[in-house]
Amino acid sequence: MINMSILKRWGLAFFFISATFASFAQLPASDLILFDFKKVNSEYFITNGKMLNKFNKGFYNNQPSFFDAQMLYFSAQTPGKEQTDIYAIDLLRQKYWQVTDTPDGEYSPTLMPTKRHFSVIVQEDKTNVQKLWQFPVDQSNLGSDIFPGITGVGYHCWIDREHVAMFIVGEPHKMVIANRITKSQKVVIEDIGRGMKANRQGLLYFIHKIGDDNWLLKRYDSSNNTIITIVQTPGQSEDFELMPDETIIMGSGSDLLAFNPDFSKEWKKIGSLADVGIQEITRLSIIGQKLVVVSKK
């Protein structure tokens with residue numbers, strides 16, 4: 001027998017990507033564009049742009065996150081909904097489905113290091129309180145609040161199996177590192193941006209907003225509690241992707257830029273997406289030879 005409460009939490013229906021909806025939206029419209037992303041020697045090739053959200057064109061589609069090379073999760077607000085839900089796209093089968101269906105808003109789906117669960121920012125329907133939740137990938141239960149005592153969570157990034165960095169909304173915004181096992185937490189730094197990425201060694205790259213015109217990409221080492229500056233961001237860009245070789249990829253307007261702290265002294269333009277109609281890259285996600293960008297409408 002189907003558990004109806006689970007069915008309410010988990011949207012189980014599958015749809016073809018070419019499906020369409022009627023009109024209604026509140027959040028800013030945005031598109032998810034998939035590209036082939038290849039590096040040959042020192043040159044990048046960004047080709048074959050394809051819109052992924054034809055089923056929800058003209059509405060909110062954001063925070064893309066690769067769970068593996070074929071599976072992309074993201075947050076979307078569909079017509080008739082005031083809140084966002086999590087959706088997934090199987091790039092191989094070219095199908096999508098709704099993952100969550102709740103009265104709350106869910107944002108920023110992220111595969112957790114155990115790969116058995118994924119985490120999201122939940123904005124509660126009645127209180128607008130934002131918390132960090134986890135859901136099982138196999139959809140076997142309704143999930144749980146990871147840190148019941150922590151609210152105001154805007155963004156997050158897993159450092160390892162136990163530790164997560166969280167952007168806590170406030171005056172000023174601050175970065176908090178918390179342990180999901182012990183529930184311990186500590187404030188690391190204030191005035192951060194939303195971009196955070198951890199490498200395989202557990203070093204955390206993040207944006208530090210010194211002033212309106214001075215945004216720095218820095219790296220935090222939790223083993224000795226030290227922070228070093230890597231580079232100034234190009235303009236007011238705060239979303240980035242971290243490649244396995246430590247190359248940082250950022251969007252600035254319609255351009256994609258790269259910087260490697262071991263070999264670079266300045267940002268290098270690696271491609272422009274203006275010729276496919278993208279004027280402002282707001283977010284991006286990369287895995288292997290696949291790149292997804294969020295294009296603001």
# chains A, B, ... in the order shown; residues from 1 in each chain; ligands from 1

call {"tool": "residues_around", "arguments": {"residues": "Asp125 (chain A)", "least_positions_apart": "2", "cutoff": "6 Å", "atoms": "only C-alpha atoms", "output": "list in words"}}
result
Pro103, Asp104, Thr127 and Asn128 of chain A

call {"tool": "residues_around", "arguments": {"residues": "region 231-246 of chain A", "least_positions_apart": "3", "cutoff": "7 Å", "atoms": "only C-alpha atoms", "output": "MDAnalysis selection string"}}
result
chainID A and resid 193:195 197 207 215:217 249:252 260 283:286

call {"tool": "atom_distance", "arguments": {"atom1": "CA of Val40 (chain A)", "atom2": "CA of Gln279 (chain A)"}}
result
25.7 Å

call {"tool": "atom_distance", "arguments": {"atom1": "CA of Ile168 (chain A)", "atom2": "CA of Asp213 (chain A)"}}
result
21.9 Å

call {"tool": "atom_distance", "arguments": {"atom1": "CA of Gln98 (chain A)", "atom2": "CA of Lys131 (chain A)"}}
result
20.9 Å

call {"tool": "closest_residue", "arguments": {"among": "A:Asp160, A:Gln70, A:Ile230, A:Gly277", "to": "Asp262 (chain A)", "atoms": "only C-alpha atoms"}}
result
A:Ile230

call {"tool": "select_by_dssp", "arguments": {"residues": "region 14-245 of chain A", "states": "strand (DSSP E)", "output": "ChimeraX atom specification"}}
result
/A:14-16,30-40,43-51,60-66,71-77,85-90,95-98,105-111,117-123,130-136,144-145,153-158,163-168,174-179,185-190,192-198,204-211,214-221,226-232,240-242

call {"tool": "residues_around", "arguments": {"residues": "Lys174 (chain A)", "least_positions_apart": "2", "cutoff": "12 Å", "atoms": "only C-alpha atoms", "output": "ChimeraX atom specification"}}
result
/A:152-156,165-172,176-177,186-194,206-209

call {"tool": "closest_residue", "arguments": {"among": "A:Thr229, A:Gln123, A:Gln94, A:Ser108", "to": "Phe55 (chain A)", "atoms": "only C-alpha atoms"}}
result
A:Gln94

call {"tool": "decode", "arguments": {"residues": "region 173-201 of chain A", "atoms": "N, CA, C and O atoms", "output": "compact mmCIF listing (two decimals), in the first residue's frame"}}
result
# COMPACT_ATOMS: atom_id res chain seq x y z
N HIS A 173 25.94 38.92 7.44
CA HIS A 173 25.91 37.49 7.15
C HIS A 173 27.18 36.85 7.70
O HIS A 173 28.24 37.48 7.74
N LYS A 174 27.09 35.59 8.08
CA LYS A 174 28.27 34.94 8.64
C LYS A 174 28.35 33.48 8.18
O LYS A 174 27.35 32.88 7.80
N MET A 175 29.58 32.96 8.22
CA MET A 175 29.79 31.55 7.91
C MET A 175 29.89 30.76 9.22
O MET A 175 30.69 31.09 10.10
N VAL A 176 29.08 29.71 9.31
CA VAL A 176 29.10 28.83 10.46
C VAL A 176 29.47 27.43 9.98
O VAL A 176 28.92 26.93 9.00
N ILE A 177 30.43 26.79 10.65
CA ILE A 177 30.78 25.40 10.40
C ILE A 177 30.14 24.57 11.51
O ILE A 177 30.35 24.84 12.70
N ALA A 178 29.35 23.56 11.11
CA ALA A 178 28.65 22.73 12.10
C ALA A 178 28.91 21.25 11.82
O ALA A 178 29.17 20.85 10.69
N ASN A 179 28.84 20.47 12.89
CA ASN A 179 29.04 19.02 12.82
C ASN A 179 27.68 18.35 12.95
O ASN A 179 26.99 18.54 13.96
N ARG A 180 27.29 17.58 11.96
CA ARG A 180 25.94 16.98 11.97
C ARG A 180 25.83 15.85 12.99
O ARG A 180 24.71 15.46 13.36
N ILE A 181 26.96 15.31 13.47
CA ILE A 181 26.93 14.24 14.46
C ILE A 181 26.85 14.82 15.87
O ILE A 181 25.97 14.48 16.66
N THR A 182 27.79 15.71 16.19
CA THR A 182 27.85 16.27 17.55
C THR A 182 26.96 17.49 17.72
O THR A 182 26.69 17.91 18.84
N LYS A 183 26.53 18.08 16.59
CA LYS A 183 25.72 19.31 16.57
C LYS A 183 26.50 20.53 17.03
O LYS A 183 25.92 21.60 17.28
N SER A 184 27.82 20.41 17.17
CA SER A 184 28.62 21.57 17.54
C SER A 184 28.69 22.54 16.36
O SER A 184 28.51 22.16 15.20
N GLN A 185 28.96 23.80 16.66
CA GLN A 185 29.02 24.82 15.61
C GLN A 185 29.96 25.94 16.03
O GLN A 185 30.18 26.18 17.22
N LYS A 186 30.54 26.62 15.03
CA LYS A 186 31.37 27.77 15.32
C LYS A 186 31.29 28.76 14.17
O LYS A 186 31.16 28.38 13.00
N VAL A 187 31.37 30.04 14.51
CA VAL A 187 31.41 31.10 13.51
C VAL A 187 32.84 31.25 13.03
O VAL A 187 33.76 31.40 13.84
N VAL A 188 33.03 31.23 11.71
CA VAL A 188 34.37 31.33 11.13
C VAL A 188 34.69 32.74 10.70
O VAL A 188 35.77 33.27 10.97
N ILE A 189 33.74 33.39 10.00
CA ILE A 189 34.00 34.71 9.44
C ILE A 189 32.66 35.38 9.11
O ILE A 189 31.64 34.70 8.94
N GLU A 190 32.67 36.69 9.04
CA GLU A 190 31.46 37.45 8.70
C GLU A 190 31.60 38.06 7.30
O GLU A 190 32.67 38.03 6.70
N ASP A 191 30.51 38.60 6.80
CA ASP A 191 30.46 39.30 5.52
C ASP A 191 30.84 38.39 4.35
O ASP A 191 31.63 38.74 3.49
N ILE A 192 30.25 37.21 4.34
CA ILE A 192 30.54 36.28 3.25
C ILE A 192 29.49 36.39 2.15
O ILE A 192 28.40 36.93 2.35
N GLY A 193 29.84 35.85 0.99
CA GLY A 193 28.90 35.73 -0.11
C GLY A 193 28.32 34.33 -0.14
O GLY A 193 28.66 33.47 0.69
N ARG A 194 27.46 34.07 -1.12
CA ARG A 194 26.76 32.79 -1.13
C ARG A 194 27.61 31.65 -1.71
O ARG A 194 27.31 30.48 -1.46
N GLY A 195 28.65 31.96 -2.49
CA GLY A 195 29.43 30.93 -3.13
C GLY A 195 30.36 30.21 -2.16
O GLY A 195 31.17 30.84 -1.47
N MET A 196 30.26 28.87 -2.10
CA MET A 196 31.13 28.05 -1.25
C MET A 196 31.36 26.71 -1.94
O MET A 196 30.40 26.09 -2.41
N LYS A 197 32.61 26.25 -1.99
CA LYS A 197 32.94 24.96 -2.58
C LYS A 197 34.10 24.35 -1.79
O LYS A 197 35.07 25.04 -1.46
N ALA A 198 34.03 23.04 -1.53
CA ALA A 198 35.10 22.35 -0.84
C ALA A 198 35.82 21.41 -1.80
O ALA A 198 35.19 20.78 -2.66
N ASN A 199 37.15 21.31 -1.65
CA ASN A 199 37.90 20.37 -2.48
C ASN A 199 37.98 19.01 -1.79
O ASN A 199 37.43 18.80 -0.69
N ARG A 200 38.70 18.08 -2.41
CA ARG A 200 38.74 16.72 -1.89
C ARG A 200 39.50 16.61 -0.57
O ARG A 200 39.35 15.63 0.16
N GLN A 201 40.31 17.59 -0.27
CA GLN A 201 41.06 17.60 0.98
C GLN A 201 40.31 18.31 2.11
O GLN A 201 40.82 18.43 3.22
